[in-house]
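start-v2.pdb (PDB, C-alpha atoms) appears below.
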```pdb
ATOM      1  CA  MET J   1     -33.507   8.728  19.292
ATOM      2  CA  LYS J   2     -32.851  10.977  16.311
ATOM      3  CA  TYR J   3     -29.855  10.176  14.182
ATOM      4  CA  SER J   4     -28.328  11.021  10.831
ATOM      5  CA  ILE J   5     -26.236   8.995   8.405
ATOM      6  CA  ALA J   6     -22.760   9.867   7.136
ATOM      7  CA  ILE J   7     -21.459   7.901   4.131
ATOM      8  CA  ARG J   8     -17.896   8.150   2.835
ATOM      9  CA  THR J   9     -17.424   7.458  -0.856
ATOM     10  CA  LEU J  10     -15.484   8.090  -4.024
ATOM     11  CA  GLY J  11     -18.705   7.710  -5.977
ATOM     12  CA  THR J  12     -17.083   5.257  -8.387
ATOM     13  CA  ASN J  13     -19.321   2.279  -7.655
ATOM     14  CA  ALA J  14     -22.774   3.641  -8.313
ATOM     15  CA  GLU J  15     -24.635   0.341  -8.151
ATOM     16  CA  THR J  16     -23.591  -0.568  -4.607
ATOM     17  CA  LEU J  17     -24.285   2.992  -3.435
ATOM     18  CA  ARG J  18     -27.738   2.832  -5.030
ATOM     19  CA  LYS J  19     -28.573  -0.402  -3.188
ATOM     20  CA  GLU J  20     -27.352   1.100   0.057
ATOM     21  CA  LEU J  21     -29.416   4.267  -0.330
ATOM     22  CA  ILE J  22     -32.540   2.254  -1.132
ATOM     23  CA  SER J  23     -32.045   0.257   2.080
ATOM     24  CA  ILE J  24     -31.463   3.466   4.045
ATOM     25  CA  HIS J  25     -34.672   5.032   2.779
ATOM     26  CA  ALA J  26     -36.539   1.876   3.867
ATOM     27  CA  GLN J  27     -35.447   2.108   7.523
ATOM     28  CA  SER J  28     -38.148   1.550  10.135
ATOM     29  CA  LEU J  29     -36.611   4.482  12.006
ATOM     30  CA  PRO J  30     -35.696   6.950   9.240
ATOM     31  CA  PRO J  31     -32.622   9.169   9.587
ATOM     32  CA  GLU J  32     -33.033  12.921   9.866
ATOM     33  CA  ARG J  33     -30.339  13.480   7.249
ATOM     34  CA  ILE J  34     -28.280  11.407   4.827
ATOM     35  CA  ILE J  35     -24.989  13.166   4.143
ATOM     36  CA  ILE J  36     -22.660  11.623   1.580
ATOM     37  CA  TYR J  37     -19.094  12.834   2.070
ATOM     38  CA  ILE J  38     -17.559  12.434  -1.358
ATOM     39  CA  ALA J  39     -13.861  12.925  -2.104
ATOM     40  CA  GLU J  40     -12.869  16.141  -3.839
ATOM     41  CA  GLY J  41     -12.260  15.672  -7.540
ATOM     42  CA  TYR J  42     -14.886  12.938  -7.877
ATOM     43  CA  SER J  43     -18.358  13.328  -9.382
ATOM     44  CA  LYS J  44     -21.530  12.378  -7.583
ATOM     45  CA  PRO J  45     -23.562   9.581  -9.203
ATOM     46  CA  ASP J  46     -26.196  10.639 -11.737
ATOM     47  CA  PHE J  47     -29.162   9.374  -9.726
ATOM     48  CA  ARG J  48     -31.070  10.370  -6.628
ATOM     49  CA  ILE J  49     -32.963   7.999  -4.342
ATOM     50  CA  GLY J  50     -34.433  10.471  -1.857
ATOM     51  CA  LYS J  51     -33.159  13.083   0.558
ATOM     52  CA  GLU J  52     -29.426  12.316   0.378
ATOM     53  CA  GLU J  53     -27.082  15.299   0.191
ATOM     54  CA  TYR J  54     -23.508  15.437  -1.100
ATOM     55  CA  VAL J  55     -20.650  17.268   0.595
ATOM     56  CA  TRP J  56     -17.174  17.324  -0.968
ATOM     57  CA  VAL J  57     -14.283  16.759   1.427
ATOM     58  CA  LYS J  58     -10.588  15.874   1.232
ATOM     59  CA  LYS J  59      -9.962  12.350  -0.050
ATOM     60  CA  GLY J  60      -8.871   9.640   2.379
ATOM     61  CA  MET J  61     -10.344   6.817   4.452
ATOM     62  CA  LEU J  62      -9.558   8.780   7.619
ATOM     63  CA  ALA J  63      -9.980  12.221   6.098
ATOM     64  CA  GLN J  64     -13.530  11.360   5.030
ATOM     65  CA  ARG J  65     -14.334  10.147   8.547
ATOM     66  CA  ALA J  66     -12.372  12.621  10.700
ATOM     67  CA  LEU J  67     -14.795  15.500  10.183
ATOM     68  CA  GLU J  68     -16.548  18.076  12.332
ATOM     69  CA  TYR J  69     -19.954  16.984  10.989
ATOM     70  CA  ASN J  70     -21.318  20.510  11.124
ATOM     71  CA  GLU J  71     -24.050  19.408   8.723
ATOM     72  CA  ILE J  72     -25.385  16.982  11.354
ATOM     73  CA  PRO J  73     -26.885  18.426  14.579
ATOM     74  CA  GLU J  74     -28.315  15.100  15.809
ATOM     75  CA  GLU J  75     -26.861  13.342  18.859
ATOM     76  CA  TYR J  76     -26.191  10.095  16.973
ATOM     77  CA  ILE J  77     -24.344   9.489  13.700
ATOM     78  CA  LEU J  78     -24.406   6.228  11.783
ATOM     79  CA  THR J  79     -21.215   6.145   9.709
ATOM     80  CA  LEU J  80     -21.299   3.905   6.664
ATOM     81  CA  ASP J  81     -19.040   2.873   3.835
ATOM     82  CA  ASP J  82     -20.627   2.995   0.388
ATOM     83  CA  ASP J  83     -21.013  -0.745  -0.127
ATOM     84  CA  VAL J  84     -23.374  -2.135   2.507
ATOM     85  CA  GLU J  85     -27.053  -3.020   2.383
ATOM     86  CA  LEU J  86     -29.027  -2.625   5.597
ATOM     87  CA  SER J  87     -32.026  -4.543   6.886
ATOM     88  CA  SER J  88     -35.100  -2.363   7.414
ATOM     89  CA  THR J  89     -34.583  -2.404  11.204
ATOM     90  CA  PHE J  90     -30.811  -1.959  11.177
ATOM     91  CA  ALA J  91     -30.601   1.577  12.576
ATOM     92  CA  GLU J  92     -33.407   0.983  15.072
ATOM     93  CA  THR J  93     -31.640  -2.137  16.378
ATOM     94  CA  LEU J  94     -28.302  -0.351  16.869
ATOM     95  CA  LEU J  95     -29.928   2.652  18.541
ATOM     96  CA  THR J  96     -31.952   0.411  20.853
ATOM     97  CA  GLU J  97     -28.884  -1.588  21.851
ATOM     98  CA  MET J  98     -26.879   1.575  22.406
ATOM     99  CA  ILE J  99     -29.489   2.821  24.873
ATOM    100  CA  GLN J 100     -30.112  -0.549  26.559
ATOM    101  CA  HIS J 101     -26.413  -1.270  27.103
ATOM    102  CA  ASN J 102     -25.342   2.297  27.838
ATOM    103  CA  ALA J 103     -22.867   2.180  24.961
ATOM    104  CA  ASP J 104     -21.032   5.067  23.329
ATOM    105  CA  VAL J 105     -20.287   3.281  20.046
ATOM    106  CA  VAL J 106     -22.066   0.283  18.506
ATOM    107  CA  GLY J 107     -20.853  -1.575  15.440
ATOM    108  CA  ALA J 108     -22.321  -4.463  13.489
ATOM    109  CA  ASP J 109     -20.835  -7.852  12.723
ATOM    110  CA  VAL J 110     -20.279  -7.177   9.022
ATOM    111  CA  PHE J 111     -17.654  -9.774   8.103
ATOM    112  CA  LYS J 112     -18.874 -12.707  10.234
ATOM    113  CA  ASN J 113     -15.411 -14.030  11.074
ATOM    114  CA  HIS J 114     -16.855 -16.852  13.160
ATOM    115  CA  LYS J 115     -18.565 -18.267  10.054
ATOM    116  CA  LEU J 116     -15.405 -18.482   7.965
ATOM    117  CA  SER J 117     -14.314 -21.911   6.763
ATOM    118  CA  ILE J 118     -11.504 -23.744   8.558
ATOM    119  CA  LEU J 119      -9.148 -22.897   5.698
ATOM    120  CA  GLN J 120     -10.082 -19.197   5.834
ATOM    121  CA  LYS J 121      -9.572 -19.134   9.595
ATOM    122  CA  ALA J 122      -6.211 -20.850   9.227
ATOM    123  CA  SER J 123      -5.195 -18.347   6.550
ATOM    124  CA  ALA J 124      -6.154 -15.414   8.796
ATOM    125  CA  PHE J 125      -4.040 -16.815  11.611
ATOM    126  CA  ILE J 126      -1.032 -17.586   9.446
ATOM    127  CA  SER J 127      -1.055 -14.215   7.682
ATOM    128  CA  ASN J 128      -1.844 -11.944  10.642
ATOM    129  CA  LEU J 129      -2.324 -13.972  13.868
ATOM    130  CA  VAL J 130      -6.072 -13.318  13.714
ATOM    131  CA  ARG J 131      -7.828 -16.099  15.624
ATOM    132  CA  PRO J 132     -11.025 -17.013  17.458
ATOM    133  CA  HIS J 133     -11.338 -16.593  21.225
ATOM    134  CA  PHE J 134     -13.705 -18.026  23.800
ATOM    135  CA  SER J 135     -14.441 -14.917  25.837
ATOM    136  CA  SER J 136     -18.073 -14.534  26.860
ATOM    137  CA  GLU J 137     -17.556 -10.790  27.285
ATOM    138  CA  TYR J 138     -16.019  -9.444  24.067
ATOM    139  CA  ALA J 139     -16.906  -9.786  20.392
ATOM    140  CA  PHE J 140     -13.475  -8.587  19.271
ATOM    141  CA  LYS J 141     -10.324  -8.219  21.338
ATOM    142  CA  VAL J 142      -7.201  -6.337  20.260
ATOM    143  CA  HIS J 143      -4.055  -8.051  21.517
ATOM    144  CA  LYS J 144      -0.635  -6.742  22.460
ATOM    145  CA  HIS J 145       0.846  -7.813  19.129
ATOM    146  CA  GLY J 146      -1.710  -5.614  17.358
ATOM    147  CA  SER J 147      -3.907  -8.291  15.786
ATOM    148  CA  PHE J 148      -7.469  -8.982  16.872
ATOM    149  CA  SER J 149      -9.381 -12.080  17.862
ATOM    150  CA  TYR J 150     -13.097 -12.756  17.429
ATOM    151  CA  VAL J 151     -15.640 -14.658  19.485
ATOM    152  CA  TYR J 152     -15.642 -18.314  18.415
ATOM    153  CA  GLU J 153     -19.403 -18.790  18.452
ATOM    154  CA  PRO J 154     -21.655 -15.894  19.518
ATOM    155  CA  GLN J 155     -24.248 -16.976  22.075
ATOM    156  CA  LYS J 156     -26.081 -13.661  22.312
ATOM    157  CA  SER J 157     -27.025 -10.798  20.028
ATOM    158  CA  TYR J 158     -24.873  -8.134  21.709
ATOM    159  CA  TYR J 159     -21.321  -8.153  23.092
ATOM    160  CA  LEU J 160     -18.899  -5.594  24.366
ATOM    161  CA  THR J 161     -15.957  -5.090  22.026
ATOM    162  CA  GLN J 162     -12.567  -3.411  21.798
ATOM    163  CA  SER J 163     -12.898  -2.553  18.100
ATOM    164  CA  CYS J 164     -15.567  -2.466  15.405
ATOM    165  CA  PRO J 165     -15.639  -3.291  11.686
ATOM    166  CA  GLY J 166     -15.548  -0.051   9.727
ATOM    167  CA  PRO J 167     -18.412  -0.355   7.201
ATOM    168  CA  ALA J 168     -21.220   0.454   9.680
ATOM    169  CA  ILE J 169     -20.822   2.071  13.107
ATOM    170  CA  LEU J 170     -23.260   4.048  15.244
ATOM    171  CA  TRP J 171     -21.532   6.787  17.263
ATOM    172  CA  LYS J 172     -22.541   9.359  19.757
ATOM    173  CA  LYS J 173     -21.577  12.454  17.788
ATOM    174  CA  GLN J 174     -19.758  14.012  20.724
ATOM    175  CA  ILE J 175     -17.420  11.014  20.885
ATOM    176  CA  LEU J 176     -16.819  10.761  17.147
ATOM    177  CA  THR J 177     -15.769  14.410  17.019
ATOM    178  CA  SER J 178     -13.759  14.404  20.264
ATOM    179  CA  ILE J 179     -11.393  11.436  19.811
ATOM    180  CA  LYS J 180      -9.338  13.444  17.303
ATOM    181  CA  LEU J 181      -9.357  11.066  14.363
ATOM    182  CA  LYS J 182      -7.498  13.760  12.411
ATOM    183  CA  ASP J 183      -4.410  12.723  14.367
ATOM    184  CA  GLU J 184      -4.607   9.342  12.605
ATOM    185  CA  ILE J 185      -4.506  10.762   9.081
ATOM    186  CA  TRP J 186      -0.947   9.435   8.875
ATOM    187  CA  LEU J 187      -2.707   6.296   7.586
ATOM    188  CA  ASP J 188      -4.001   8.218   4.569
ATOM    189  CA  LYS J 189      -0.416   8.982   3.552
ATOM    190  CA  LEU J 190       0.086   5.296   2.807
ATOM    191  CA  PRO J 191      -1.038   3.927  -0.573
ATOM    192  CA  PHE J 192      -3.922   2.266   1.295
ATOM    193  CA  ALA J 193      -5.170   2.925   4.832
ATOM    194  CA  TYR J 194      -4.930  -0.718   5.879
ATOM    195  CA  GLY J 195      -6.595  -1.361   9.262
ATOM    196  CA  GLU J 196      -7.989   2.137   9.679
ATOM    197  CA  ASP J 197     -11.240   0.889  11.210
ATOM    198  CA  GLN J 198      -9.396  -0.880  14.029
ATOM    199  CA  VAL J 199      -7.239   2.185  14.708
ATOM    200  CA  ALA J 200     -10.266   4.486  14.832
ATOM    201  CA  THR J 201     -12.507   2.369  17.045
ATOM    202  CA  PHE J 202      -9.721   1.044  19.276
ATOM    203  CA  LYS J 203      -8.884   4.681  19.949
ATOM    204  CA  ALA J 204     -12.362   5.128  21.385
ATOM    205  CA  HIS J 205     -11.873   2.016  23.533
ATOM    206  CA  GLN J 206      -8.414   3.032  24.732
ATOM    207  CA  ASN J 207      -9.747   6.419  25.744
ATOM    208  CA  GLY J 208     -12.358   4.947  28.033
ATOM    209  CA  TYR J 209     -15.482   4.749  25.898
ATOM    210  CA  ARG J 210     -17.848   1.777  25.892
ATOM    211  CA  LEU J 211     -18.077  -0.108  22.592
ATOM    212  CA  GLY J 212     -20.477  -2.849  21.557
ATOM    213  CA  ILE J 213     -21.206  -5.151  18.611
ATOM    214  CA  SER J 214     -24.626  -6.192  17.348
ATOM    215  CA  PHE J 215     -24.736  -9.641  15.766
ATOM    216  CA  ASP J 216     -28.379  -9.575  14.657
ATOM    217  CA  ALA J 217     -28.832  -6.095  13.187
ATOM    218  CA  GLY J 218     -28.906  -7.383   9.605
ATOM    219  CA  ILE J 219     -26.314  -6.113   7.141
ATOM    220  CA  ILE J 220     -24.877  -7.340   3.849
ATOM    221  CA  ASN J 221     -21.376  -6.423   2.753
ATOM    222  CA  LEU J 222     -21.598  -5.686  -0.984
ATOM    223  CA  ASP J 223     -17.793  -5.464  -1.109
ATOM    224  CA  GLY J 224     -17.482  -2.653  -3.625
ATOM    225  CA  GLN J 225     -13.695  -2.491  -3.138
ATOM    226  CA  SER J 226     -13.640   1.018  -4.621
ATOM    227  CA  SER J 227     -10.756   2.021  -2.341
ATOM    228  CA  SER J 228      -8.938  -1.288  -2.015
ATOM    229  CA  ASN J 229      -8.775  -2.460  -5.654
ATOM    230  CA  LYS J 230      -5.630  -0.474  -6.404
ATOM    231  CA  TYR J 231      -4.011  -1.767  -3.203
ATOM    232  CA  ARG J 232      -4.834  -5.403  -3.976
ATOM    233  CA  LYS J 233      -3.275  -5.139  -7.437
ATOM    234  CA  SER J 234      -0.167  -3.246  -6.347
ATOM    235  CA  PRO J 235       3.180  -5.088  -6.274
ATOM    236  CA  GLU J 236       4.020  -2.927  -3.247
ATOM    237  CA  ARG J 237       1.023  -4.079  -1.214
ATOM    238  CA  PHE J 238       3.138  -6.086   1.254
ATOM    239  CA  ILE J 239       5.224  -2.993   2.007
ATOM    240  CA  THR J 240       2.045  -0.969   2.585
ATOM    241  CA  ARG J 241       0.484  -3.682   4.741
ATOM    242  CA  THR J 242       3.618  -4.077   6.864
ATOM    243  CA  LYS J 243       3.941  -0.331   7.391
ATOM    244  CA  ALA J 244       0.290   0.158   8.333
ATOM    245  CA  MET J 245       0.276  -2.870  10.630
ATOM    246  CA  PHE J 246       3.392  -2.077  12.637
ATOM    247  CA  ILE J 247       3.011   1.713  12.777
ATOM    248  CA  ALA J 248      -0.473   1.100  14.195
ATOM    249  CA  TRP J 249       0.974  -1.368  16.726
ATOM    250  CA  TRP J 250       3.629   1.155  17.795
ATOM    251  CA  ARG J 251       1.111   3.985  18.106
ATOM    252  CA  THR J 252      -1.866   2.186  19.631
ATOM    253  CA  GLN J 253      -0.164  -0.482  21.745
ATOM    254  CA  TYR J 254       3.558  -0.034  22.326
ATOM    255  CA  LYS J 255       3.851   3.730  22.856
ATOM    256  CA  PRO J 256       0.296   5.145  22.988
ATOM    257  CA  TYR J 257       1.494   8.143  25.032
ATOM    258  CA  GLY J 258       4.237   9.002  22.532
ATOM    259  CA  ASN J 259       7.939   8.356  22.136
ATOM    260  CA  ASN J 260       8.852  10.415  25.194
ATOM    261  CA  TYR J 261       7.384   7.655  27.367
ATOM    262  CA  ASN J 262       8.753   4.158  27.856
ATOM    263  CA  GLY J 263       6.915   1.455  25.974
ATOM    264  CA  ASP J 264       5.429  -1.583  27.685
ATOM    265  CA  ILE J 265       7.952  -4.464  27.739
ATOM    266  CA  THR J 266       5.281  -7.159  27.350
ATOM    267  CA  THR J 267       3.843  -5.365  24.329
ATOM    268  CA  LEU J 268       7.314  -5.069  22.822
ATOM    269  CA  PHE J 269       7.841  -8.802  23.327
ATOM    270  CA  TRP J 270       4.605  -9.673  21.524
ATOM    271  CA  GLY J 271       5.381  -7.206  18.751
ATOM    272  CA  ILE J 272       8.713  -8.943  18.187
ATOM    273  CA  VAL J 273       6.961 -12.332  18.232
ATOM    274  CA  LYS J 274       4.579 -11.172  15.498
ATOM    275  CA  ALA J 275       7.373  -9.593  13.431
ATOM    276  CA  THR J 276       9.398 -12.824  13.680
ATOM    277  CA  TRP J 277       6.396 -14.977  12.804
ATOM    278  CA  LEU J 278       5.678 -12.906   9.692
ATOM    279  CA  PHE J 279       9.363 -12.980   8.739
ATOM    280  CA  CYS J 280       9.171 -16.772   8.718
ATOM    281  CA  ILE J 281       5.920 -16.737   6.713
ATOM    282  CA  PHE J 282       7.241 -14.328   4.080
ATOM    283  CA  SER J 283      10.504 -16.278   3.876
ATOM    284  CA  LEU J 284       8.541 -19.468   3.258
ATOM    285  CA  ILE J 285       6.391 -17.795   0.595
ATOM    286  CA  SER J 286       9.501 -16.478  -1.156
ATOM    287  CA  ALA J 287      11.179 -19.888  -1.006
ATOM    288  CA  THR J 288       8.180 -21.827  -2.333
ATOM    289  CA  ASN J 289       7.645 -19.287  -5.127
ATOM    290  CA  PHE J 290      11.353 -18.952  -5.946
ATOM    291  CA  ASN J 291      10.824 -15.199  -5.676
ATOM    292  CA  SER J 292      12.543 -13.001  -3.096
ATOM    293  CA  HIS J 293      10.080 -10.142  -3.673
ATOM    294  CA  PHE J 294       7.868 -11.185  -0.757
ATOM    295  CA  ILE J 295      10.508 -11.229   1.974
ATOM    296  CA  LYS J 296      12.231  -8.149   0.524
ATOM    297  CA  SER J 297       8.949  -6.227   0.610
ATOM    298  CA  TYR J 298       8.380  -7.259   4.218
ATOM    299  CA  LEU J 299      11.867  -6.169   5.290
ATOM    300  CA  ILE J 300      11.569  -2.882   3.395
ATOM    301  CA  GLY J 301       8.269  -2.301   5.156
ATOM    302  CA  LEU J 302       9.795  -2.906   8.599
ATOM    303  CA  LYS J 303      12.676  -0.563   7.807
ATOM    304  CA  GLU J 304      10.270   2.179   6.756
ATOM    305  CA  VAL J 305       8.179   1.599   9.878
ATOM    306  CA  TYR J 306      11.141   2.275  12.148
ATOM    307  CA  ARG J 307      12.219   5.250  10.071
ATOM    308  CA  PHE J 308       8.755   6.806  10.380
ATOM    309  CA  VAL J 309       8.081   6.166  14.091
ATOM    310  CA  THR J 310      11.458   7.678  15.009
ATOM    311  CA  SER J 311      11.108  10.678  12.667
ATOM    312  CA  ASP J 312      10.405  14.317  13.492
ATOM    313  CA  GLU J 313       7.178  14.033  11.515
ATOM    314  CA  TYR J 314       5.896  11.282  13.813
ATOM    315  CA  SER J 315       7.010  13.139  16.952
ATOM    316  CA  TYR J 316       4.575  15.940  16.115
ATOM    317  CA  ILE J 317       1.569  13.604  16.099
ATOM    318  CA  PRO J 318      -0.281  14.015  19.427
ATOM    319  CA  SER J 319      -0.618  11.126  21.865
ATOM    320  CA  PHE J 320      -3.019   8.305  21.019
ATOM    321  CA  ILE J 321      -4.289   8.501  24.594
ATOM    322  CA  LEU J 322      -6.025  11.850  24.924
ATOM    323  CA  PRO J 323      -5.758  14.160  27.916
ATOM    324  CA  LYS J 324      -8.572  13.519  30.373
ATOM    325  CA  SER J 325      -9.973  16.957  29.746
ATOM    326  CA  ALA J 326     -10.503  15.999  26.068
ATOM    327  CA  ASN J 327     -12.630  12.950  26.891
TER     328      ASN J 327
END
```
Reformat the file's structure so that it appears as structure tokens.
Amino acid sequence: MKYSIAIRTLGTNAETLRKELISIHAQSLPPERIIIYIAEGYSKPDFRIGKEEYVWVKKGMLAQRALEYNEIPEEYILTLDDDVELSSTFAETLLTEMIQHNADVVGADVFKNHKLSILQKASAFISNLVRPHFSSEYAFKVHKHGSFSYVYEPQKSYYLTQSCPGPAILWKKQILTSIKLKDEIWLDKLPFAYGEDQVATFKAHQNGYRLGISFDAGIINLDGQSSSNKYRKSPERFITRTKAMFIAWWRTQYKPYGNNYNGDITTLFWGIVKATWLFCIFSLISATNFNSHFIKSYLIGLKEVYRFVTSDEYSYIPSFILPKSAN
């Protein structure tokens, strides 16, 4: 059960990275290697906790994950963002559950959606149709409109899942390097790669791999926001969000085999339902704020979505569903 750790970072939030590295070096089952993939043009922090190594790679949420991992020969890779703190048994728990449940990918319940307040849950539904579900099988389900649902009240420590939160995921290396995450770097061309974790892990699910979620591994989200701060402050964030959301829906749900194949009619229906719902929400926000910026941004985003998914550039992106020989 040997594994190594791969952290993606810009290196701009040294304190959260320090806390994370301290927790990594305290693991009951220590990693063989700790490789920090830092974006080119950024400087590594001026401290060292232990055996971590830095490797400079192209900047991007996907670019810093869609790697060959030649530095890591181990069978398992624990991919981390740079702002989580792990319990001392975190890696051991995920590895044990991966073996016990014959999983290919195991994530951790980082954001604890089921523990949100009623108002937070209502806000998630209104803004993106994210809701609880009562399935006893799945932790997270990805629906035909592109949004996910989460188990209402977990009754066990491990569930199957259709996607995983991005900050901490244990992969079999062979799967991480074979699902061609480089094909999803279109997300990095947006001002912010909104929803990249769902795209990446749902791709593993859609291509036949077995995903799971651990609810008791023990992880704290330090929420460094080193990549998302600029997005949150941008006046164009609703355009970016709309583009990322609906391009991902088109690629992962509506036409996963590419534009040369007919899309699923039911999926198209639910995509239209979501687009209409959000149109009403943005219209209401604009009306109550006496500011048309919100609905204009949403409509601009939809227009740019259609322009991109029908472009020559998009047509060159390989199918989301990989050939069987690639699995």
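Each of J:Gln27, J:Asn259, J:Asn207, J:Gln120 was compared to Ile179 in chain J using all atoms listed in the file, and J:Asn207 turns out to be the nearest.
Residue nearest Phe308 in chain J within the list J:Ser214, J:Ser292, J:Lys324, J:Lys243: J:Lys243 [criterion: smallest interatomic distance, all atoms listed in the file].
Straight-line separation from CA of Ser127 in chain J to CA of Ala248 in chain J: 16.7 Å.
Minimum atom-to-atom distance to Ala139 in chain J, evaluated using all atoms listed in the file, belongs to J:Gln162 out of J:Gln162, J:Thr266, J:Ser123, J:Ser28.
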If you apply the PyMOL selection byres ((chain J and resi 46) around 12) to this file, what residues do you get, as a ChimeraX atom specification?
/J:11-15,17-18,43-45,47-49,54
Take the residues from that selection and write them out as a PDB file, in the frame of the given file, keeping C-alpha atoms.
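Produced file out23.pdb, reproduced below:
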```pdb
ATOM      1  CA  GLY J  11     -18.705   7.710  -5.977  1.00  0.00           C
ATOM      2  CA  THR J  12     -17.083   5.257  -8.387  1.00  0.00           C
ATOM      3  CA  ASN J  13     -19.321   2.279  -7.655  1.00  0.00           C
ATOM      4  CA  ALA J  14     -22.774   3.641  -8.313  1.00  0.00           C
ATOM      5  CA  GLU J  15     -24.635   0.341  -8.151  1.00  0.00           C
ATOM      6  CA  LEU J  17     -24.285   2.992  -3.435  1.00  0.00           C
ATOM      7  CA  ARG J  18     -27.738   2.832  -5.030  1.00  0.00           C
ATOM      8  CA  SER J  43     -18.358  13.328  -9.382  1.00  0.00           C
ATOM      9  CA  LYS J  44     -21.530  12.378  -7.583  1.00  0.00           C
ATOM     10  CA  PRO J  45     -23.562   9.581  -9.203  1.00  0.00           C
ATOM     11  CA  PHE J  47     -29.162   9.374  -9.726  1.00  0.00           C
ATOM     12  CA  ARG J  48     -31.070  10.370  -6.628  1.00  0.00           C
ATOM     13  CA  ILE J  49     -32.963   7.999  -4.342  1.00  0.00           C
ATOM     14  CA  TYR J  54     -23.508  15.437  -1.100  1.00  0.00           C
TER      15      TYR J  54
END
```
Got a moment to write range 159-164 of chain J out with all heavy atoms, as a PDB file, in the first residue's frame?
```pdb
ATOM      1  N   TYR J 159     -19.441   5.471   0.882  1.00  0.00           N
ATOM      2  CA  TYR J 159     -20.475   5.351  -0.151  1.00  0.00           C
ATOM      3  C   TYR J 159     -19.820   5.328  -1.523  1.00  0.00           C
ATOM      4  O   TYR J 159     -18.744   5.907  -1.721  1.00  0.00           O
ATOM      5  CB  TYR J 159     -21.416   6.566  -0.123  1.00  0.00           C
ATOM      6  CG  TYR J 159     -22.458   6.578   0.957  1.00  0.00           C
ATOM      7  CD1 TYR J 159     -22.130   6.930   2.266  1.00  0.00           C
ATOM      8  CD2 TYR J 159     -23.793   6.272   0.681  1.00  0.00           C
ATOM      9  CE1 TYR J 159     -23.095   6.974   3.257  1.00  0.00           C
ATOM     10  CE2 TYR J 159     -24.770   6.313   1.670  1.00  0.00           C
ATOM     11  CZ  TYR J 159     -24.416   6.663   2.950  1.00  0.00           C
ATOM     12  OH  TYR J 159     -25.374   6.701   3.932  1.00  0.00           O
ATOM     13  N   LEU J 160     -20.484   4.690  -2.459  1.00  0.00           N
ATOM     14  CA  LEU J 160     -20.134   4.902  -3.855  1.00  0.00           C
ATOM     15  C   LEU J 160     -20.465   6.347  -4.223  1.00  0.00           C
ATOM     16  O   LEU J 160     -21.244   7.006  -3.542  1.00  0.00           O
ATOM     17  CB  LEU J 160     -20.931   3.953  -4.755  1.00  0.00           C
ATOM     18  CG  LEU J 160     -20.601   2.467  -4.683  1.00  0.00           C
ATOM     19  CD1 LEU J 160     -21.576   1.667  -5.548  1.00  0.00           C
ATOM     20  CD2 LEU J 160     -19.167   2.211  -5.143  1.00  0.00           C
ATOM     21  N   THR J 161     -19.880   6.840  -5.302  1.00  0.00           N
ATOM     22  CA  THR J 161     -20.159   8.201  -5.726  1.00  0.00           C
ATOM     23  C   THR J 161     -19.956   8.333  -7.222  1.00  0.00           C
ATOM     24  O   THR J 161     -19.300   7.491  -7.848  1.00  0.00           O
ATOM     25  CB  THR J 161     -19.261   9.210  -4.983  1.00  0.00           C
ATOM     26  OG1 THR J 161     -19.724  10.535  -5.247  1.00  0.00           O
ATOM     27  CG2 THR J 161     -17.812   9.103  -5.446  1.00  0.00           C
ATOM     28  N   GLN J 162     -20.531   9.381  -7.796  1.00  0.00           N
ATOM     29  CA  GLN J 162     -20.343   9.661  -9.218  1.00  0.00           C
ATOM     30  C   GLN J 162     -19.368  10.806  -9.443  1.00  0.00           C
ATOM     31  O   GLN J 162     -18.940  11.045 -10.566  1.00  0.00           O
ATOM     32  CB  GLN J 162     -21.688   9.977  -9.870  1.00  0.00           C
ATOM     33  CG  GLN J 162     -22.642   8.781  -9.867  1.00  0.00           C
ATOM     34  CD  GLN J 162     -23.991   9.088 -10.479  1.00  0.00           C
ATOM     35  OE1 GLN J 162     -24.287  10.218 -10.871  1.00  0.00           O
ATOM     36  NE2 GLN J 162     -24.852   8.085 -10.562  1.00  0.00           N
ATOM     37  N   SER J 163     -19.024  11.526  -8.386  1.00  0.00           N
ATOM     38  CA  SER J 163     -17.997  12.567  -8.459  1.00  0.00           C
ATOM     39  C   SER J 163     -17.413  12.765  -7.076  1.00  0.00           C
ATOM     40  O   SER J 163     -17.989  12.330  -6.076  1.00  0.00           O
ATOM     41  CB  SER J 163     -18.574  13.885  -8.993  1.00  0.00           C
ATOM     42  OG  SER J 163     -19.449  14.475  -8.054  1.00  0.00           O
ATOM     43  N   CYS J 164     -16.258  13.434  -7.028  1.00  0.00           N
ATOM     44  CA  CYS J 164     -15.571  13.663  -5.756  1.00  0.00           C
ATOM     45  C   CYS J 164     -15.188  15.133  -5.618  1.00  0.00           C
ATOM     46  O   CYS J 164     -14.833  15.774  -6.618  1.00  0.00           O
ATOM     47  CB  CYS J 164     -14.280  12.836  -5.673  1.00  0.00           C
ATOM     48  SG  CYS J 164     -14.477  11.059  -5.831  1.00  0.00           S
TER      49      CYS J 164
END
```
